[in-house]
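**Q** I'm passing along target_30.txt; it holds compact mmCIF, C-alpha atoms.
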```txt
# COMPACT_ATOMS: atom_id res chain seq x y z
CA MET A 19 39.34 -25.17 -9.87
CA ILE A 20 36.78 -23.47 -12.05
CA MET A 21 33.55 -24.70 -10.60
CA ASP A 22 31.38 -24.73 -13.69
CA ARG A 23 33.91 -27.00 -15.34
CA VAL A 24 33.86 -29.55 -12.55
CA GLU A 25 33.00 -32.97 -13.90
CA TRP A 26 30.93 -35.34 -11.80
CA SER A 27 30.96 -39.08 -12.46
CA LYS A 28 27.72 -41.02 -12.19
CA GLN A 29 28.87 -42.50 -8.89
CA GLU A 30 29.89 -39.09 -7.52
CA LYS A 31 26.48 -37.72 -8.47
CA GLU A 32 24.81 -40.46 -6.47
CA ILE A 33 26.99 -39.74 -3.43
CA ALA A 34 26.36 -36.01 -3.80
CA ARG A 35 22.61 -36.47 -4.10
CA ARG A 36 22.50 -38.67 -1.00
CA ALA A 37 24.69 -36.29 1.05
CA PHE A 38 22.55 -33.35 -0.04
CA GLY A 39 19.37 -35.17 0.99
CA ALA A 40 20.84 -36.18 4.34
CA ALA A 41 21.86 -32.59 5.13
CA TYR A 42 18.43 -31.32 4.10
CA ASN A 43 16.76 -33.88 6.38
CA ARG A 44 19.02 -32.97 9.31
CA GLU A 45 18.26 -29.30 8.96
CA CYS A 46 14.50 -29.87 8.57
CA THR A 47 14.58 -32.15 11.63
CA ALA A 48 16.24 -29.40 13.67
CA ILE A 49 13.60 -26.90 12.51
CA LEU A 50 10.80 -29.33 13.41
CA GLU A 51 12.36 -29.77 16.84
CA ASN A 52 12.46 -25.99 17.32
CA VAL A 53 8.81 -25.68 16.29
CA ARG A 54 7.92 -28.39 18.82
CA LYS A 55 9.73 -26.53 21.57
CA MET A 56 8.32 -23.13 20.61
CA SER A 57 4.76 -24.46 20.48
CA ALA A 58 5.10 -26.46 23.71
CA GLU A 59 6.86 -24.05 26.02
CA SER A 60 4.40 -21.17 26.10
CA ASN A 61 0.72 -20.79 26.65
CA ASP A 62 0.67 -17.36 25.07
CA PRO A 63 -1.43 -18.04 21.95
CA THR A 64 0.17 -15.16 20.03
CA ARG A 65 3.32 -17.31 20.06
CA ILE A 66 1.99 -18.63 16.76
CA TRP A 67 3.24 -15.46 15.06
CA GLU A 68 6.78 -16.07 16.29
CA ILE A 69 6.56 -19.59 14.89
CA HIS A 70 5.10 -18.20 11.67
CA ASP A 71 7.96 -15.71 11.29
CA TYR A 72 10.56 -18.35 12.19
CA LEU A 73 9.25 -20.77 9.54
CA ALA A 74 8.91 -18.03 6.91
CA GLU A 75 12.56 -17.10 7.48
CA LYS A 76 13.69 -20.73 7.38
CA GLU A 77 11.69 -21.41 4.23
CA LYS A 78 13.47 -18.58 2.42
CA ASP A 79 16.82 -19.59 3.90
CA ILE A 80 16.48 -23.23 2.85
CA ARG A 81 15.09 -22.44 -0.59
CA GLU A 82 18.16 -20.31 -1.29
CA LYS A 83 20.70 -22.62 0.32
CA TYR A 84 19.77 -26.04 -1.05
CA ASP A 85 20.66 -25.33 -4.66
CA TYR A 86 21.51 -28.57 -6.45
CA ARG A 87 23.15 -27.19 -9.56
CA TYR A 88 26.49 -28.86 -10.20
CA SER A 89 27.99 -25.46 -11.04
CA VAL A 90 27.52 -24.32 -7.41
CA LEU A 91 27.43 -27.61 -5.54
CA LEU A 92 30.94 -27.50 -4.08
CA THR A 93 30.18 -24.14 -2.47
CA VAL A 94 26.81 -25.42 -1.23
CA PHE A 95 28.52 -28.45 0.33
CA ALA A 96 31.17 -26.24 1.93
CA ARG A 97 28.49 -24.12 3.51
CA LEU A 98 26.54 -27.16 4.73
CA ILE A 99 29.71 -28.58 6.31
CA TRP A 100 30.56 -25.25 7.90
CA GLU A 101 27.03 -24.96 9.31
CA GLY A 102 27.15 -28.54 10.58
CA TRP A 103 24.39 -30.06 8.44
CA MET A 104 26.77 -32.18 6.38
CA ASN A 105 29.62 -34.41 7.52
CA GLN A 106 32.75 -34.80 5.43
CA LYS A 107 32.29 -38.56 5.68
CA ASP A 108 28.94 -38.19 3.84
CA LEU A 109 31.10 -37.30 0.85
CA ALA A 110 33.37 -40.36 0.92
CA GLY A 111 33.86 -41.47 -2.68
CA ILE A 112 33.99 -37.96 -4.15
CA SER A 113 37.28 -37.13 -5.88
CA GLU A 114 40.06 -35.68 -3.75
CA ASP A 115 40.29 -32.43 -5.74
CA LYS A 116 36.60 -31.76 -5.09
CA LEU A 117 36.99 -32.54 -1.39
CA GLN A 118 39.93 -30.16 -1.17
CA GLU A 119 37.93 -27.42 -2.83
CA ILE A 120 35.05 -28.03 -0.41
CA ARG A 121 37.36 -27.93 2.63
CA LYS A 122 39.07 -24.78 1.40
CA THR A 123 35.73 -23.04 0.91
CA ALA A 124 34.42 -24.29 4.29
CA GLU A 125 37.52 -22.79 5.92
CA PHE A 126 36.88 -19.55 4.07
CA PHE A 127 33.32 -19.45 5.50
CA ALA A 128 34.66 -20.22 8.96
CA GLY A 129 37.04 -17.28 8.70
CA LEU A 130 34.37 -14.75 7.71
CA MET B 12 -29.31 -0.33 10.04
CA ILE B 13 -26.64 1.49 8.09
CA MET B 14 -23.47 0.21 9.62
CA ASP B 15 -21.25 3.21 9.25
CA ARG B 16 -23.85 5.24 11.14
CA VAL B 17 -23.91 2.86 14.10
CA GLU B 18 -23.10 4.72 17.30
CA TRP B 19 -21.13 2.99 20.03
CA SER B 20 -21.22 4.24 23.61
CA LYS B 21 -18.04 4.24 25.64
CA GLN B 22 -19.28 1.22 27.59
CA GLU B 23 -20.22 -0.66 24.41
CA LYS B 24 -16.78 0.02 22.99
CA GLU B 25 -15.19 -1.55 26.07
CA ILE B 26 -17.40 -4.63 25.77
CA ALA B 27 -16.69 -4.87 22.04
CA ARG B 28 -12.95 -4.55 22.54
CA ARG B 29 -12.95 -7.25 25.21
CA ALA B 30 -15.10 -9.64 23.14
CA PHE B 31 -12.89 -9.03 20.10
CA GLY B 32 -9.75 -9.81 22.13
CA ALA B 33 -11.29 -12.95 23.62
CA ALA B 34 -12.25 -14.29 20.18
CA TYR B 35 -8.78 -13.51 18.84
CA ASN B 36 -7.20 -15.37 21.76
CA ARG B 37 -9.49 -18.37 21.27
CA GLU B 38 -8.65 -18.62 17.60
CA CYS B 39 -4.89 -18.21 18.19
CA THR B 40 -5.07 -20.87 20.92
CA ALA B 41 -6.72 -23.28 18.49
CA ILE B 42 -4.02 -22.58 15.89
CA LEU B 43 -1.28 -23.12 18.49
CA GLU B 44 -2.91 -26.41 19.45
CA ASN B 45 -2.97 -27.49 15.78
CA VAL B 46 0.71 -26.57 15.39
CA ARG B 47 1.50 -28.66 18.47
CA LYS B 48 -0.34 -31.64 17.04
CA MET B 49 1.16 -31.25 13.56
CA SER B 50 4.70 -30.98 14.92
CA ALA B 51 4.25 -33.84 17.40
CA GLU B 52 2.48 -36.46 15.35
CA SER B 53 4.98 -37.05 12.58
CA ASN B 54 8.69 -37.72 12.37
CA ASP B 55 8.81 -36.69 8.73
CA PRO B 56 10.96 -33.54 8.93
CA THR B 57 9.44 -32.08 5.76
CA ARG B 58 6.26 -31.74 7.83
CA ILE B 59 7.64 -28.27 8.64
CA TRP B 60 6.46 -27.08 5.21
CA GLU B 61 2.89 -28.13 5.94
CA ILE B 62 3.10 -26.19 9.21
CA HIS B 63 4.65 -23.26 7.34
CA ASP B 64 1.83 -23.23 4.77
CA TYR B 65 -0.82 -23.65 7.46
CA LEU B 66 0.50 -20.68 9.46
CA ALA B 67 0.93 -18.51 6.35
CA GLU B 68 -2.71 -19.16 5.45
CA LYS B 69 -3.91 -18.46 9.00
CA GLU B 70 -1.85 -15.29 9.21
CA LYS B 71 -3.55 -13.92 6.11
CA ASP B 72 -6.94 -15.18 7.27
CA ILE B 73 -6.66 -13.57 10.70
CA ARG B 74 -5.20 -10.32 9.42
CA GLU B 75 -8.20 -9.92 7.14
CA LYS B 76 -10.82 -11.13 9.60
CA TYR B 77 -9.93 -9.23 12.80
CA ASP B 78 -10.76 -5.77 11.50
CA TYR B 79 -11.64 -3.47 14.40
CA ARG B 80 -13.22 -0.59 12.51
CA TYR B 81 -16.57 0.34 13.99
CA SER B 82 -17.99 0.63 10.47
CA VAL B 83 -17.56 -3.13 9.91
CA LEU B 84 -17.55 -4.44 13.47
CA LEU B 85 -21.08 -5.87 13.50
CA THR B 86 -20.27 -8.00 10.44
CA VAL B 87 -16.95 -9.05 11.98
CA PHE B 88 -18.75 -10.10 15.18
CA ALA B 89 -21.38 -12.00 13.19
CA ARG B 90 -18.68 -13.93 11.40
CA LEU B 91 -16.82 -14.69 14.64
CA ILE B 92 -20.04 -15.98 16.22
CA TRP B 93 -20.86 -18.04 13.16
CA GLU B 94 -17.35 -19.53 13.18
CA GLY B 95 -17.57 -20.23 16.90
CA TRP B 96 -14.79 -17.93 18.14
CA MET B 97 -17.17 -15.51 19.85
CA ASN B 98 -20.11 -16.24 22.16
CA GLN B 99 -23.21 -14.09 22.14
CA LYS B 100 -22.83 -13.74 25.90
CA ASP B 101 -19.45 -12.03 25.34
CA LEU B 102 -21.55 -9.18 23.93
CA ALA B 103 -23.89 -8.74 26.91
CA GLY B 104 -24.34 -5.01 27.41
CA ILE B 105 -24.35 -4.10 23.72
CA SER B 106 -27.60 -2.50 22.55
CA GLU B 107 -30.38 -4.81 21.38
CA ASP B 108 -30.50 -3.34 17.87
CA LYS B 109 -26.80 -4.14 17.38
CA LEU B 110 -27.26 -7.67 18.73
CA GLN B 111 -30.17 -8.21 16.34
CA GLU B 112 -28.07 -7.03 13.43
CA ILE B 113 -25.24 -9.36 14.48
CA ARG B 114 -27.61 -12.35 14.81
CA LYS B 115 -29.23 -11.60 11.46
CA THR B 116 -25.85 -11.44 9.75
CA ALA B 117 -24.62 -14.60 11.54
CA GLU B 118 -27.73 -16.41 10.24
CA PHE B 119 -26.96 -15.09 6.78
CA PHE B 120 -23.43 -16.56 6.98
CA ALA B 121 -24.85 -19.85 8.24
CA GLY B 122 -27.16 -20.02 5.24
CA LEU B 123 -24.43 -19.47 2.66
```
Kindly transcribe the structure held in the file into structure tokens.

**A**
Amino acid sequence: MIMDRVEWSKQEKEIARRAFGAAYNRECTAILENVRKMSAESNDPTRIWEIHDYLAEKEKDIREKYDYRYSVLLTVFARLIWEGWMNQKDLAGISEDKLQEIRKTAEFFAGL
Amino acid sequence: MIMDRVEWSKQEKEIARRAFGAAYNRECTAILENVRKMSAESNDPTRIWEIHDYLAEKEKDIREKYDYRYSVLLTVFARLIWEGWMNQKDLAGISEDKLQEIRKTAEFFAGL
């Protein structure tokens, strides 16, 4: 499947947008939880620089990862599934050939 | 008083170093406390970007402010006193002419 020729129906786009948003929220929630723990568990005030560095890294990571161009979206979804931020059931309603491509790519990531 | 000609005795340097460290710790503690509040008070996961921006700003702010060169130290101390991170009593043992210079500069900041 040549990815930049993938066609997305209006309904598939809605499903994709919702799944993308849900994954983004899950990952941001996990980061917020980590920041809570990091800020709560130590009374060393210079801990703020660890939190600073952690958030700076995550900001870059998330900016690069959450790329909603349809030409790359199947790979993005595969990565999000592999990393655990997206569930396959979030994608129910997407065409079977796209789901297969996503699974295949997720398996490729898992094998790296 | 020409600042880059200020002479610091060994004892004054010890007092200055301790006061500088205490102010730095107070300010970092306040930032940590703000991060705790910001991360605790909202369940909106995108709050992490506010915390990110806040820490990025503070990192720059603190890197610029906590400049331990003796040529600028009286001005740095004046600013820390004016901002409330340093107490004048932290500086007990520093020569009276330096303390006067610090107070004068702190008053200048207060009048800006």

**Q** Using all atoms listed in the file, I'd like every residue of chain A that has an atom within 10 Å of chain B; please write them out as a ChimeraX atom specification.

**A** /A:42-58,60-67,69-74,76-77

**Q** After a least-squares superposition on chain A using every in-order C-alpha pair, I'd like chain B written out as a short mmCIF file (atom, residue, chain, number, x, y, z; two decimals) with C-alpha atoms, keeping the file's coordinate frame.

**A**
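What ended up in result_7.cif:
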```cif
data_model
loop_
_atom_site.label_atom_id
_atom_site.label_comp_id
_atom_site.auth_asym_id
_atom_site.auth_seq_id
_atom_site.Cartn_x
_atom_site.Cartn_y
_atom_site.Cartn_z
CA MET B 12 39.33 -25.14 -9.93
CA ILE B 13 36.73 -23.44 -12.08
CA MET B 14 33.51 -24.69 -10.64
CA ASP B 15 31.34 -24.75 -13.70
CA ARG B 16 33.92 -26.98 -15.36
CA VAL B 17 33.88 -29.53 -12.54
CA GLU B 18 33.02 -32.97 -13.89
CA TRP B 19 30.97 -35.35 -11.79
CA SER B 20 30.99 -39.09 -12.47
CA LYS B 21 27.76 -41.02 -12.21
CA GLN B 22 28.92 -42.50 -8.90
CA GLU B 23 29.90 -39.09 -7.52
CA LYS B 24 26.51 -37.72 -8.48
CA GLU B 25 24.82 -40.48 -6.47
CA ILE B 26 26.99 -39.75 -3.44
CA ALA B 27 26.37 -36.01 -3.80
CA ARG B 28 22.62 -36.48 -4.10
CA ARG B 29 22.52 -38.69 -1.02
CA ALA B 30 24.68 -36.32 1.06
CA PHE B 31 22.55 -33.37 -0.06
CA GLY B 32 19.35 -35.18 0.97
CA ALA B 33 20.81 -36.19 4.33
CA ALA B 34 21.83 -32.61 5.13
CA TYR B 35 18.41 -31.33 4.09
CA ASN B 36 16.73 -33.89 6.36
CA ARG B 37 18.99 -32.98 9.28
CA GLU B 38 18.23 -29.30 8.94
CA CYS B 39 14.47 -29.87 8.56
CA THR B 40 14.54 -32.16 11.62
CA ALA B 41 16.21 -29.41 13.65
CA ILE B 42 13.59 -26.90 12.50
CA LEU B 43 10.78 -29.33 13.39
CA GLU B 44 12.34 -29.79 16.82
CA ASN B 45 12.47 -26.00 17.31
CA VAL B 46 8.81 -25.68 16.28
CA ARG B 47 7.92 -28.38 18.81
CA LYS B 48 9.75 -26.54 21.56
CA MET B 49 8.34 -23.13 20.60
CA SER B 50 4.77 -24.44 20.49
CA ALA B 51 5.12 -26.45 23.71
CA GLU B 52 6.90 -24.05 26.01
CA SER B 53 4.46 -21.17 26.11
CA ASN B 54 0.74 -20.79 26.67
CA ASP B 55 0.72 -17.35 25.08
CA PRO B 56 -1.39 -18.00 21.96
CA THR B 57 0.23 -15.13 20.05
CA ARG B 58 3.36 -17.29 20.10
CA ILE B 59 2.02 -18.61 16.77
CA TRP B 60 3.29 -15.43 15.08
CA GLU B 61 6.83 -16.06 16.30
CA ILE B 62 6.57 -19.59 14.89
CA HIS B 63 5.11 -18.17 11.68
CA ASP B 64 7.99 -15.70 11.30
CA TYR B 65 10.57 -18.34 12.18
CA LEU B 66 9.24 -20.76 9.54
CA ALA B 67 8.92 -18.02 6.90
CA GLU B 68 12.57 -17.10 7.46
CA LYS B 69 13.70 -20.74 7.35
CA GLU B 70 11.68 -21.40 4.22
CA LYS B 71 13.47 -18.59 2.41
CA ASP B 72 16.81 -19.61 3.90
CA ILE B 73 16.48 -23.24 2.84
CA ARG B 74 15.09 -22.46 -0.60
CA GLU B 75 18.15 -20.33 -1.30
CA LYS B 76 20.70 -22.63 0.33
CA TYR B 77 19.76 -26.06 -1.06
CA ASP B 78 20.67 -25.34 -4.67
CA TYR B 79 21.52 -28.58 -6.47
CA ARG B 80 23.18 -27.20 -9.58
CA TYR B 81 26.51 -28.88 -10.20
CA SER B 82 28.01 -25.48 -11.02
CA VAL B 83 27.54 -24.33 -7.40
CA LEU B 84 27.43 -27.64 -5.55
CA LEU B 85 30.94 -27.51 -4.07
CA THR B 86 30.17 -24.14 -2.46
CA VAL B 87 26.80 -25.43 -1.24
CA PHE B 88 28.51 -28.46 0.33
CA ALA B 89 31.16 -26.25 1.94
CA ARG B 90 28.47 -24.13 3.52
CA LEU B 91 26.52 -27.17 4.74
CA ILE B 92 29.69 -28.59 6.32
CA TRP B 93 30.55 -25.26 7.89
CA GLU B 94 27.02 -24.98 9.30
CA GLY B 95 27.14 -28.54 10.58
CA TRP B 96 24.37 -30.07 8.45
CA MET B 97 26.74 -32.19 6.38
CA ASN B 98 29.62 -34.42 7.51
CA GLN B 99 32.75 -34.80 5.44
CA LYS B 100 32.29 -38.56 5.68
CA ASP B 101 28.94 -38.20 3.84
CA LEU B 102 31.12 -37.30 0.84
CA ALA B 103 33.39 -40.36 0.92
CA GLY B 104 33.89 -41.45 -2.68
CA ILE B 105 34.00 -37.95 -4.16
CA SER B 106 37.29 -37.11 -5.86
CA GLU B 107 40.07 -35.65 -3.71
CA ASP B 108 40.29 -32.42 -5.71
CA LYS B 109 36.59 -31.73 -5.07
CA LEU B 110 36.97 -32.52 -1.36
CA GLN B 111 39.92 -30.14 -1.15
CA GLU B 112 37.91 -27.41 -2.81
CA ILE B 113 35.02 -28.02 -0.39
CA ARG B 114 37.34 -27.92 2.65
CA LYS B 115 39.05 -24.77 1.42
CA THR B 116 35.71 -23.03 0.93
CA ALA B 117 34.40 -24.28 4.31
CA GLU B 118 37.51 -22.78 5.95
CA PHE B 119 36.84 -19.55 4.09
CA PHE B 120 33.28 -19.45 5.51
CA ALA B 121 34.63 -20.20 8.98
CA GLY B 122 37.00 -17.26 8.72
CA LEU B 123 34.34 -14.75 7.73
#
```

**Q** So the first atom is CA of Lys115 (chain B) and the second is CA of Lys24 (chain B); what is the distance between them in Å, to one decimal place?

**A**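 For CA of Lys115 (chain B) relative to CA of Lys24 (chain B), the distance reads 20.6 Å.
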
**Q** I want to know what sits within 9 Å of Ala89 (chain B), based on only C-alpha atoms, with residues of the same chain fewer than 2 positions away left out; could you give that as a PyMOL selection string?

**A** chain B and resi 84-87+91-94+97+112-118+120

**Q** Go ahead and compute the interatomic distance for CA of Glu23 (chain B) and CA of Tyr77 (chain B), in Å to one decimal.

**A**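 That distance, rounded to one decimal, is 17.7 Å.
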
**Q** Rounded to one decimal in Å, what is the spacing between CA of Glu25 (chain B) and CA of Trp96 (chain B)?

**A**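 We find that CA of Glu25 (chain B) and CA of Trp96 (chain B) lie 18.2 Å from each other.
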
**Q** Which residues come within 10 Å of Arg35 (chain A), counting only C-alpha atoms, excluding same-chain residues fewer than 6 positions away, as a compact mmCIF listing (two decimals) with C-alpha atoms, keeping the file's coordinate frame?

**A**
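part_3.txt written:
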```txt
# COMPACT_ATOMS: atom_id res chain seq x y z
CA GLN A 29 28.87 -42.50 -8.89
CA TYR A 86 21.51 -28.57 -6.45
CA LEU A 109 31.10 -37.30 0.85
```

**Q** Give me the box for region 67-74 of chain A as AutoDock Vina command-line options, namely the centre and edge lengths in Å to one decimal of a box along x, y and z that holds every listed atom plus 5 Å on each side.

**A**
```
--center_x 6.9 --center_y -18.1 --center_z 11.6 --size_x 17.3 --size_y 15.3 --size_z 19.4
```

**Q** Near Asp108 (chain A), counting all atoms listed in the file, which residues have an atom at most 9 Å away, once you skip same-chain residues fewer than 6 positions from it, shown as a PyMOL selection string?

**A** chain A and resi 33-34+36-38+40
